[in-house]
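Below: the structure, in C-alpha cells.
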Amino acid sequence: MRLKTSLLKEPKHQGLVSGVGWSSAEELLSCSDDGRVLRWSLGSSEAVPVLALPHGVHALELHCCPRGSAGKKQPQAESVVLTSSDGKFHLISKLGRVEKSVEAHCGAVLAGRWNYEGTALVTAGEDGQVKIWSKSGMLRSTLAQQGTPVYSVSWAPDSDKVLFTSGQQLIIKPLQPNAKILQWKAHEGLILKTDWNSVNDLILSAGEDCRYKVWDSFGRALYNSQPHQYPITAIAWALHGELFAVGSFNTLRLCDKTGWSYALEKPNTGSIFAISWSIDGTQLAGACGNGQVIFAHLLEQHWEWHNFQITLIKRRTMKVHNVSNDAVDLLEFRDRVIKASLNYGFLVVSTSLQCYVFSTRNWNTPLIFDLKEGTVSLILQAERHFLLVDGGGIYLYSYEGRLISCPKYPGMRTEILNALTVSLSNDTLAVRDRADEKVIYIFEALSGKPLGDGKPLTHKTEIVEIALDQKGLTSERKIAFIDKNRDLFITSVKRFGKEQKIVKIGTMVQSLAWNDGCNILCGIQDCKFTVWYYPNTVYVDKDLLPKTLYEKDASEFSKSPRIVSFVGSQVTIRRADGSLVHLRISPYPGILHGHAGCARWQDGLRLCRFVKDQTLWACLAAMAVANKDMSTAEIAYAAIGEMDKVQYITAIRELPSKESRLAHLLLFSGNSQEAEALLLQAGLLYQAIQININLYNWERALELAVKHRTHVDTVLAYRQKFLEDFGKKETNQRFLQYAQGLEVDWNKIKAKIEMEIAKERERAAGRSSVTVQQ
C-alpha cells in the first residue's frame with residue numbers, strides 16, 4: 001500500500017496552513033495564518049474563499065462536525081468549529097456563515113474538537129484550560145487548568161473522557177467530577193498532537209522528540225517509532241482505525257494501526273501541521289507550512305485468496321493476477337473504490353455509490369447493485385452470503401445481490417464496528433456490543449432475528465475479539481472469543497433458556513482465526529502458535545483436549561503478531577514489523593473432519609492407521625463420541641492408550657436400552673444433569689438414582705428416591721456402605737431421618753436391582769421386536 005500525493009503549482013493561502021477538515025467526501029475546508037477559510041472541490045481542484053477573520057487574527061485549527069450527529073447520512077458536515085489566535089472559537093455553518101463567535105480562552109485557542117456524536121465541543125488554549133461546550137457554544141464546564149499551554153485534545157470513543165497534552169505528559173480526564181484521572185509521561189519533548197480512535201480505542205501521540213507513539217486507553221505503550229529528523233507536527237487516525245498518517249517537515253508517512261510503516265513520501269511542503277482523513281478512509285489532506293494543501297489517496301492495496309492476487313492500481317481500477325496461469329484482468333469501476341474483500345470464490349467491491357460482486361470464475365460480468373449509503377466501512381464474507389456495514393445499518397446480501405436481512409440491536413452504532421467485533425458464518429451473525437463489551441448479540445443470518453430465545457450471550461469480562469466457526473450444522477455452531485484478560489473461550493451459539501457452558505481453552509491469546517474449510521481453530525498464545533484441531537473436544541472429553549493440539553514456538557513472529565488468514569492448511573501471520581509469515585499445518589486433520597462430517601468412520605480409521613499420529617487418533621476419538629459412534633471411539637481410545645475409557649465404552653455398548661446408552665454417553669462427556677433428565681424422561685427411575693449414587697451425589701439420589709417413592713432403602717444402603725468404608729458416621733439429618741427403623745437387607749436390595757435391570761431388558765427387547773415387525 002502507498003500514498004499518491006498531489007500539490008498545486010502555486011499555494012492558494014498566503015500564510016502557513018494550520019488546519020484542514022473534510023466537510024463531505026468530495027469537499028475540504030482549510031484555514032490559514034492569513035485568516036482565511038477556503039473550500040476545496042476535489043473534482044475541479046479549485047479553492048473558493050468561504051470567510052475571512054478580522055485583520056491580524058490567525059486561524060489555528062478547524063474541525064468538521066462528524067457526519068453521524070443526526071444519525072443518518074448527511075451529505076455535508078452540519079457545523080464546523082474554527083479556533084483563532086484572539087481567544088475565540090467560531091461555529092461556521094456548511095454554507096460558510098459564522099453562526100456564533102465565543103470568547104473561550106485568554107490567549108490563543110490552540111485546539112477545538114467535536115465529540116463523535118457531534119453533541120459537544122472541547123477547546124484547549126494557551127492559558128492551559130480545557131473547556132467543554134454545548135453544540136450551540138454554551139459553556140458546560142472547565143475540565144482542567146494546567147500551568148502550560150494545551151496543544152492538542154481528543155475525545156474518548158464514548159465521549160465520556162477527554163485526552164489532552166501537558167508538556168511531556170498525556171492526561172485522560174473523565175467528564176464526571178471526582179473520577180480517576182490517568183496521567184503518564186509520554187515523550188521526552190513537548191507533545192504537539194494527539195488522536196484517539198473510536199473503532200480500535202487506541203491513542204496516537206507525536207512530539208518535539210521527533211517520535212510518534214501508539215498507546216492503549218490505559219496508557220500502555222504499544223509502539224514507539226524511531227526518532228525522525230524533524231519534530232512530528234501532525235498525526236491522525238483514519239476513521240476505520242486500520243491506518244494512521246504522520247506528518248513532519250517535508251514528510252508524510254502512512255502507517256498500520258500497530259505502528260509499522262506502509263509508505264513514506266517526501267513532498268515539498270514544509271512542515272505538515274494537520275492531517276485530516278476523508279470519511280471513507282481512502283484519501284487524506286495535509287495542512288502545509290508553505291501555504292499548500294497536500295492531497296493523497298491510497299493505492300496498491302492487496303487482496304489474496306488461493307491463486308488470485310488483486311491490486312488496486314488506480315482509484316477506479318483493479319488488476320487481477322491469476323498466479324497459476326499468469327493471466328491478468330483489469331477491472332474498471334465508475335466511481336472510486338472504497339472497500340473490497342476477496343474470499344470463498346467471490347470478490348466484493350464497494351465504490352462510493354455501488355457494490356460489485358465478481359465471481360473468480362468469470363471477471364467479465366459482475367453483479368452490480370446500488371448502495372443505500374455510500375460509505376461502506378466493513379465487508380465480511382461467508383460461503384453463502386456477505387455482510388456490508390455502513391452509516392445506516394448492517395445488511396446481509398446473497399452473492400446474487402439479493403438483500404437477505406438487516407439485523408438490528410439496541411444502541412447500535414455501525415461506525416465503530418470492525419472485523420474483530422463482528423463475525424459471520426453461513427447461518428449466524430455475531431456482533432459484540434459497544435455499550436456493554438461483555439455482551440455478544442447473535443442473529444439468524446436469513447431472518448436477521450436474534451437466535452434461540454433472543455437473549456444475547458453474556459460473559460463475565462469485556463470481550464475484545466470474536467469469531468464464528470464456518471462449517472458444520474447450525475445446531476452445532478460455535479463461537480470463540482478472547483476477553484480483556486486475553487483468555488480464549490468457546491461456547492455454542494444455540495441458547496434456549498438454559499445457561500450454555502462457556503469453556504476456557506486458552507490463556508494469553510493474542511489473535512485467533514477459524515479455518516475456512518473445516519472447524520479447526522488457530523491462535524497465538526503465550527509465545528506459542530497453537531492449533532486446536534477439534535475444539536469441540538471440550539464438550540465431549542475435556543481431558544482429551546491437550547492431546548488434540550498442535551503447538552509451535554512463536555518467538556520467530558516477534559512481539560504482538562496477528563493472524564491474517566487461515567485458508568486450507570496455510571496460516572498467514574503478520575509480524576509487528578509488517579512482514580508476512582506463512583505457516584503450513586498438517587492437512588490430515590482437515591481430511592479427518594471431512595470423513596467425520598460424512599460419517600465415513602472406516603475411512604477415518606484407515607487415515608489414522610496410515611498417518612500413525614497420536615493427535616489424529618485423539619481427534620478421531622472425540623469426533624466419534626460426539627457423533628455417538630462407539631465402536632470407532634473404542635478403537636481410537638485404545639490407540640492412544642486410554643484403557644479406562646475403552647472399558648467404560650465397552651460397558652456402555654453392553655447396556656440393554658438405547659436411553660441408558662445415551663445417558664451414559666452424556667455422563668462420559670461430563671453432562672450428568674442431562675443424563676439424569678434423559679433417564680427420568682424415559683421412566684428409568686432406578687438408573688437415574690444409580691448414576692447419582694455412582695457420582696456420590698447422595699442428596700440428589702435420596703431426593704429422587706423419596707420423590708418417586710422407590711429405592712429409598714437402596715440409597716441408604718449404598719450411603720451406609722460408603723461411610724463404613726471410610727470409617728465415618730452419618731451426620732446428614734435427612735439421611736438420619738429416613739434411616740430410622742430401617743434394616744438394610746442387601747439380598748433384598750440386590751434382588752430389586754436385578755428386577756429393574758430385567759425390566760429394562762424386556763422393555764428394550766419389546767421395542768426391538770416392534771421395530772422388526774414394522
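Here, A, B, ... name the chains of the C-alpha cells in the order displayed, residue numbers run from 1 inside each chain, and ligands are numbered from 1 in the same displayed order.
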**Q.** Residues within 12 Å of A:Asp541, only C-alpha atoms, excluding chain neighbours under 2 positions, as a ChimeraX atom specification
**A.** /A:534-539,543-548,618-626,633,637,642,645,665-671
Q: Check stretch 346-426 of chain A with DSSP on the backbone and list each residue it calls strand (DSSP E or B), as a PyMOL selection string.
A: chain A and resi 346-351+354-359+362-370+376-381+385-390+393-398+403-405+422-424
Could you name the residues that touch stretch 108-125 of chain A at 8 Å or less, counting only C-alpha atoms, but leaving out those on the same chain fewer than 6 positions away, as a CSV table (one decimal) with N, CA and C atoms, in the first residue's frame?
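Saved result, result29.csv, follows:
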```csv
chain,number,residue,atom,x,y,z
A,60,LEU,N,-6.3,28.9,13.7
A,60,LEU,CA,-5.3,27.9,14.2
A,60,LEU,C,-5.7,26.4,14.0
A,61,GLU,N,-7.0,26.1,14.2
A,61,GLU,CA,-7.4,24.7,13.9
A,61,GLU,C,-8.9,24.7,13.4
A,62,LEU,N,-9.2,23.7,12.6
A,62,LEU,CA,-10.5,23.6,12.0
A,62,LEU,C,-11.0,22.1,12.2
A,63,HIS,N,-12.2,21.9,12.6
A,63,HIS,CA,-12.7,20.5,12.8
A,63,HIS,C,-14.2,20.5,12.4
A,64,CYS,N,-14.5,19.6,11.4
A,64,CYS,CA,-15.9,19.5,11.0
A,64,CYS,C,-16.7,18.5,11.9
A,65,CYS,N,-17.9,18.9,12.1
A,65,CYS,CA,-18.8,18.0,12.9
A,65,CYS,C,-19.0,16.7,12.3
A,66,PRO,N,-18.8,15.6,13.1
A,66,PRO,CA,-18.9,14.2,12.5
A,66,PRO,C,-20.3,14.0,11.8
A,67,ARG,N,-20.2,13.2,10.8
A,67,ARG,CA,-21.5,13.0,10.0
A,67,ARG,C,-22.6,12.3,10.7
A,68,GLY,N,-22.2,11.6,11.8
A,68,GLY,CA,-23.2,10.8,12.5
A,68,GLY,C,-24.0,11.6,13.5
A,69,SER,N,-23.9,12.9,13.5
A,69,SER,CA,-24.5,13.7,14.5
A,69,SER,C,-26.0,13.7,14.5
A,81,VAL,N,-16.1,23.9,13.6
A,81,VAL,CA,-15.5,24.8,14.6
A,81,VAL,C,-14.2,25.3,14.1
A,82,LEU,N,-14.0,26.6,14.2
A,82,LEU,CA,-12.7,27.2,13.8
A,82,LEU,C,-12.1,27.9,15.0
A,83,THR,N,-10.9,27.6,15.4
A,83,THR,CA,-10.3,28.3,16.6
A,83,THR,C,-9.3,29.3,16.1
A,84,SER,N,-9.1,30.4,16.9
A,84,SER,CA,-8.3,31.5,16.4
A,84,SER,C,-7.4,32.0,17.5
A,85,SER,N,-6.5,32.9,17.1
A,85,SER,CA,-5.4,33.4,18.0
A,85,SER,C,-5.9,34.5,18.9
A,86,ASP,N,-7.2,35.0,18.7
A,86,ASP,CA,-7.7,36.1,19.6
A,86,ASP,C,-8.5,35.5,20.8
A,87,GLY,N,-8.4,34.2,21.0
A,87,GLY,CA,-9.1,33.6,22.2
A,87,GLY,C,-10.5,33.2,21.9
A,88,LYS,N,-10.9,33.2,20.6
A,88,LYS,CA,-12.3,32.9,20.3
A,88,LYS,C,-12.3,31.6,19.5
A,89,PHE,N,-13.5,30.9,19.6
A,89,PHE,CA,-13.8,29.9,18.5
A,89,PHE,C,-15.0,30.3,17.8
A,131,LYS,N,-11.9,23.3,28.1
A,131,LYS,CA,-13.3,23.6,28.4
A,131,LYS,C,-14.2,22.7,27.5
A,132,ILE,N,-15.4,22.4,28.1
A,132,ILE,CA,-16.4,21.6,27.4
A,132,ILE,C,-17.6,22.6,27.0
A,133,TRP,N,-18.0,22.5,25.8
A,133,TRP,CA,-19.1,23.4,25.3
A,133,TRP,C,-20.2,22.6,24.7
A,134,SER,N,-21.4,23.2,24.8
A,134,SER,CA,-22.5,22.5,24.1
A,134,SER,C,-22.4,22.7,22.6
A,135,LYS,N,-23.3,22.1,21.8
A,135,LYS,CA,-23.3,22.2,20.4
A,135,LYS,C,-23.5,23.6,19.9
A,137,GLY,N,-22.5,26.3,21.6
A,137,GLY,CA,-21.5,27.2,22.0
A,137,GLY,C,-21.7,27.7,23.5
A,149,PRO,N,0.6,25.6,28.2
A,149,PRO,CA,-0.4,25.6,27.1
A,149,PRO,C,-0.8,24.1,26.7
A,150,VAL,N,-2.0,23.9,26.4
A,150,VAL,CA,-2.5,22.6,25.9
A,150,VAL,C,-2.6,22.6,24.4
A,151,TYR,N,-1.7,21.9,23.8
A,151,TYR,CA,-1.6,22.0,22.3
A,151,TYR,C,-2.5,21.1,21.5
A,152,SER,N,-3.1,20.0,22.2
A,152,SER,CA,-3.9,19.1,21.5
A,152,SER,C,-4.9,18.4,22.4
A,153,VAL,N,-6.1,18.2,21.9
A,153,VAL,CA,-7.2,17.5,22.7
A,153,VAL,C,-7.8,16.4,21.8
A,154,SER,N,-8.3,15.4,22.4
A,154,SER,CA,-9.1,14.3,21.7
A,154,SER,C,-10.1,13.7,22.6
A,155,TRP,N,-11.3,13.3,22.0
A,155,TRP,CA,-12.3,12.7,22.7
A,155,TRP,C,-12.1,11.2,22.8
A,157,PRO,N,-13.7,7.3,22.7
A,157,PRO,CA,-14.7,6.8,21.8
A,157,PRO,C,-16.2,7.0,22.2
A,158,ASP,N,-16.4,6.9,23.6
A,158,ASP,CA,-17.8,7.1,24.1
A,158,ASP,C,-18.1,8.5,24.5
A,159,SER,N,-17.1,9.4,24.2
A,159,SER,CA,-17.3,10.8,24.5
A,159,SER,C,-17.5,11.1,26.0
A,198,SER,N,-12.1,5.9,17.6
A,198,SER,CA,-13.4,5.4,18.2
A,198,SER,C,-13.6,3.9,17.9
```
(Q) If we count only C-alpha atoms and set the cut-off at 10 Å, which residues sit around A:Ala663, ignoring sequence neighbours fewer than 5 positions away in its own chain? Please answer as a list of chain:residue names. (A) A:Ile652, A:Lys658, A:Phe668, A:Ser669, A:Asn671, A:Ser672, A:Gln673, A:Glu674, A:Ala675, A:Glu676, A:Ala677, A:Leu678, A:Leu679, A:Gln687, A:Ala688, A:Ile691
(Q) I need the residue nearest A:Tyr550 from this list: A:Gln292, A:Ser136, A:Gln229, A:Ser586. Use only C-alpha atoms for the distance. (A)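 Of all the options, A:Ser586 lies closest to A:Tyr550.
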